[in-house]
Amino acid sequence: MGFSQNKDPRGVTVVEVDGQLIVGNRHELKDLVQTALERGERRLLVDFSRTGYIDSSGLGALVSISKRIREAGGELRLSGLNDDLRSLFELTKLDTLFAIAETPEQALSNF
Amino acid sequence: MTSPLRLCVRRTPVSAAPGSATLVTVRLPSDVNCIEEAVELVTRHCLAGHTTTKTIQFRLRVVLSEAISNAVVRGNGEDRAKWVEVCAELVPESIRVSVTDEGPGFDPGAIPEPLRPEQLDEANGRGLYLIRKLVDAVQFNERGNSICMTLRRR
């Protein structure tokens, strides 16, 4: 369980969430994104293709990093949410706040 | 390393009698690193021996995680000397779970609606909303340090 990141050939920073994004590890994601912003990265994709669960603290962490990225003049996209996780975004109306693609490839295609 | 969680399972009034319920109690210290283990443990017991739809299984996982997180982080302020108690009453038709912390309690009516446009950009405040949306019934005790949630299995 954890986070891994790599850079897409187009220069997009791709963060993969392996396992869960929850109260116990949300700060790790926030720190990782902050470090990427300080490096000058401005286009970030968080991919949930290998994620089983996101709790409300994880949702909150995504809202926080979205704000930070926006304030830095960047853009955040999400991808790979399974049906259960997508339902959490819909229930909380966060699907209106984030650009969400079915797959990382789709998210990256016009980033 | 030994788990700090304390588990107690008993059947009442007697094993396999009609109308009997299984009672599962888990106590955990107020450490965010214990939440996942507690959620997994309680979920496993809630689902054992009963048919529960996939949707309800996911909902159970969500509301347990949210209620226990609230108790650990907000109720007990992550004070590891304070405990959170999770009690599940299991019958074939439904699951009733209460989560109690040692904190002063809170007023659930004072939590702002997270779907308001001005709240949508806030990092906090979605846990209780998710619980209310995903369970069949939710109640709080008068002090506000204990939440009781009921889910029908189908």
# chains A, B, ... in the order shown; residues from 1 in each chain; ligands from 1

call {"tool": "closest_atom_pairs", "arguments": {"of": "chain B", "to": "chain A", "cutoff": "10 Å", "atoms": "only C-alpha atoms", "output": "CSV"}}
result
residue,atom,partner,partner_atom,distance
B:Asp31,CA,A:Gly24,CA,9.0
B:Val32,CA,A:Gly24,CA,5.5
B:Asn33,CA,A:Gly24,CA,5.9
B:Cys34,CA,A:Gly24,CA,8.9
B:Ile35,CA,A:Gly24,CA,8.1
B:Glu36,CA,A:Gly24,CA,8.5
B:Lys54,CA,A:Asp84,CA,9.8
B:Thr55,CA,A:Asp84,CA,8.2
B:Phe58,CA,A:Asp84,CA,7.3
B:Arg59,CA,A:Asp84,CA,9.1
B:Arg61,CA,A:Tyr53,CA,9.1
B:Val62,CA,A:Asp55,CA,6.9
B:Val63,CA,A:Asp55,CA,9.3
B:Ser65,CA,A:Asp55,CA,7.1
B:Glu66,CA,A:Asp55,CA,6.9
B:Ser69,CA,A:Val23,CA,7.3
B:Asn70,CA,A:Ser57,CA,9.9
B:Val73,CA,A:Val23,CA,9.0
B:Pro114,CA,A:Thr92,CA,7.3
B:Leu115,CA,A:Thr92,CA,6.4
B:Arg116,CA,A:Lys93,CA,9.6
B:Pro117,CA,A:Lys93,CA,9.7
B:Leu120,CA,A:Leu94,CA,7.3
B:Asp121,CA,A:Val63,CA,6.3
B:Glu122,CA,A:Val63,CA,7.0
B:Ala123,CA,A:Gly60,CA,3.9
B:Asn124,CA,A:Gly60,CA,5.7
B:Gly125,CA,A:Ser56,CA,8.0
B:Arg126,CA,A:Ser56,CA,5.7
B:Gly127,CA,A:Ser56,CA,5.4
B:Leu128,CA,A:Ser56,CA,9.1
B:Tyr129,CA,A:Thr92,CA,8.2
B:Leu130,CA,A:Leu91,CA,7.6
B:Lys133,CA,A:Leu91,CA,8.0
B:Leu134,CA,A:Leu91,CA,9.6

call {"tool": "select_by_dssp", "arguments": {"residues": "range 42-151 of chain B", "states": "helix (DSSP H, G or I)", "output": "PyMOL selection string"}}
result
chain B and resi 42-47+54-75+108-110+117-120+127-134

call {"tool": "residues_around", "arguments": {"residues": "range 88-99 of chain B", "least_positions_apart": "4", "cutoff": "6 Å", "atoms": "only C-alpha atoms", "output": "list of chain:residue names"}}
result
B:Ala21, B:Thr22, B:Leu23, B:Val24, B:Ser146, B:Ile147, B:Cys148, B:Met149, B:Thr150, B:Leu151, B:Arg152, B:Arg153

call {"tool": "residues_around", "arguments": {"residues": "Ile69 in chain A", "least_positions_apart": "5", "cutoff": "8 Å", "atoms": "only C-alpha atoms", "output": "MDAnalysis selection string"}}
result
chainID A and resid 37 42 74:76

call {"tool": "write_last_selection", "arguments": {"atoms": "C-alpha atoms", "output": "short mmCIF file (atom, residue, chain, number, x, y, z; two decimals), in the first residue's frame"}}
result
data_model
loop_
_atom_site.label_atom_id
_atom_site.label_comp_id
_atom_site.auth_asym_id
_atom_site.auth_seq_id
_atom_site.Cartn_x
_atom_site.Cartn_y
_atom_site.Cartn_z
CA LEU A 37 4.76 21.65 -7.06
CA ARG A 42 2.08 21.85 -12.80
CA GLY A 74 -1.63 24.01 -12.49
CA GLU A 75 -4.19 21.34 -13.22
CA LEU A 76 -5.18 18.12 -11.45
#

call {"tool": "atom_distance", "arguments": {"atom1": "CA of Glu78 in chain B", "atom2": "CA of Gln139 in chain B"}}
result
23.4 Å
